[in-house]
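Heads up: the structure comes next, in structure tokens.
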Amino acid sequence: MIETRPIHNLALIGFMGAGKSSVGHAVADRLRFDFLDTDELIESQAGKSITELFAAAGELAFRERERQVVQQLGQRTRTVIATGGGLPANAQNLADLQAHSLVVYLWASPEMLWERVRFQAHRPMLHDPDPLARIRALLTARDPFYRQADVLVNTERRSVIEVAQHVISQFRLAVSDQR
């Protein structure tokens, strides 16, 4: 059960390849909410791709941009927010999201995540000699943060529509508990 708090938005967290963007679009369409991807917002504000931002300024500068974006999200309502994979590893980011959103952790095994992202060159965190080992290490580090979500949803062998329907059901349940 979600503690009583104002829930105006739905935030999807999880590792790259978990389905945050595809599920997020499906959920937003069905709820008639806006869809916002934090990485896309950062790229738009910076005028550079995530890969370019990492190359030019490094991960710490990128994480600071993420932090600024999260602070802006508190003003939004009726928005499905797809976060970057590392965003919830900052405890303040997670707390700020939970101040106005139902936070849902979409998860899958490291092998499934690798299968989903292996041909995506725009993933700077995977520029590693052993990307699957990198995924495992990052998941191990981020898992304690991810597990602080309000709802955990396995996306392993489920369609986007099936996951979206489950997320919508959980959101409606949480919002009805507010009344």
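Starting from 1 in every chain, residues are counted up; chains themselves are A, B, ... following the order of the structure tokens, and ligands are numbered from 1 as listed.
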
- Could you pull out all residues of chain A with a DSSP call of alpha helix (DSSP H) and give them as a VMD selection string? chain A and resid 20 to 31 38 to 46 50 to 73 91 to 98 110 to 117 131 to 146 160 to 178

- Query: Which residues come within 12 Å of A:Leu173, counting only C-alpha atoms, excluding same-chain residues fewer than 2 positions away, as a PyMOL selection string?
  - Reply: chain A and resi 1-2+7+102+150-151+166-171+175-179

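Here the DSSP assignment of strand (DSSP E), based on backbone atoms, applies within stretch 72-178 of chain A to Thr79, Val80, Ile81, Ala82, Ser101, Leu102, Val103, Val104, Tyr105, Leu106, Trp107, Val151, Leu152, Val153 and Asn154 of chain A.
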
- Query: Between A:Val163, A:Ala89, A:Ala46, A:Ala28, which is the closest to A:Leu106 once you count only C-alpha atoms?
  - Reply: A:Val163

- Message: List the spatial neighbours of A:Ile81 as an MDAnalysis selection string - criterion: any atom at most 12 Å away, only C-alpha atoms, same-chain residues fewer than 3 positions off excluded.
- Response: chainID A and resid 8:14 20:28 33:41 69:70 72:74 76:78 84 87 97:98 100:105

Could you make a table, as JSON lines, of the residues of stretch 20-110 of chain A that have an atom within 8 Å of an atom of stretch 117-138 of chain A, each with its nearest atom pair and distance in Å to one decimal, counting only C-alpha atoms, in chain and number order?
```
{"residue": "A:Ile50", "atom": "CA", "partner": "A:Pro124", "partner_atom": "CA", "distance": 7.7}
{"residue": "A:Thr51", "atom": "CA", "partner": "A:Pro124", "partner_atom": "CA", "distance": 5.6}
{"residue": "A:Phe54", "atom": "CA", "partner": "A:Pro124", "partner_atom": "CA", "distance": 7.2}
{"residue": "A:Pro110", "atom": "CA", "partner": "A:Arg136", "partner_atom": "CA", "distance": 5.9}
```

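With distances taken over only C-alpha atoms, A:Asp96 is the one residue among A:Glu115, A:Asp143, A:Asp96, A:Glu59 lying closest to A:Gln71.
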
- As a check of understanding: the span from atom CA of A:Gln165 to atom CA of A:Arg32 is 13.7 Å

- Message: Could you check the closest approach to A:Thr155 for each of A:Ala95, A:Ala56, A:Ala108, A:Ile42 and tell me which residue wins, using only C-alpha atoms?
- Response: A:Ala108

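The closest residue to A:Arg157, picked from A:Arg116, A:Lys48, A:Arg142, A:Arg5 and counting only C-alpha atoms, is A:Arg116.
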
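One finds atom CA of A:Met16 at 16.6 Å from atom CA of A:Glu43.
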
- Using only C-alpha atoms, the best pick from A:Glu64, A:Ala18, A:Ala82, A:Pro88 as closest to A:Tyr146 would be A:Pro88

- Rounded to one decimal in Å, what is the spacing between atom CA of A:Gly58 and atom CA of A:Trp114?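 Value for the atom CA of A:Gly58-atom CA of A:Trp114 distance: 23.1 Å.
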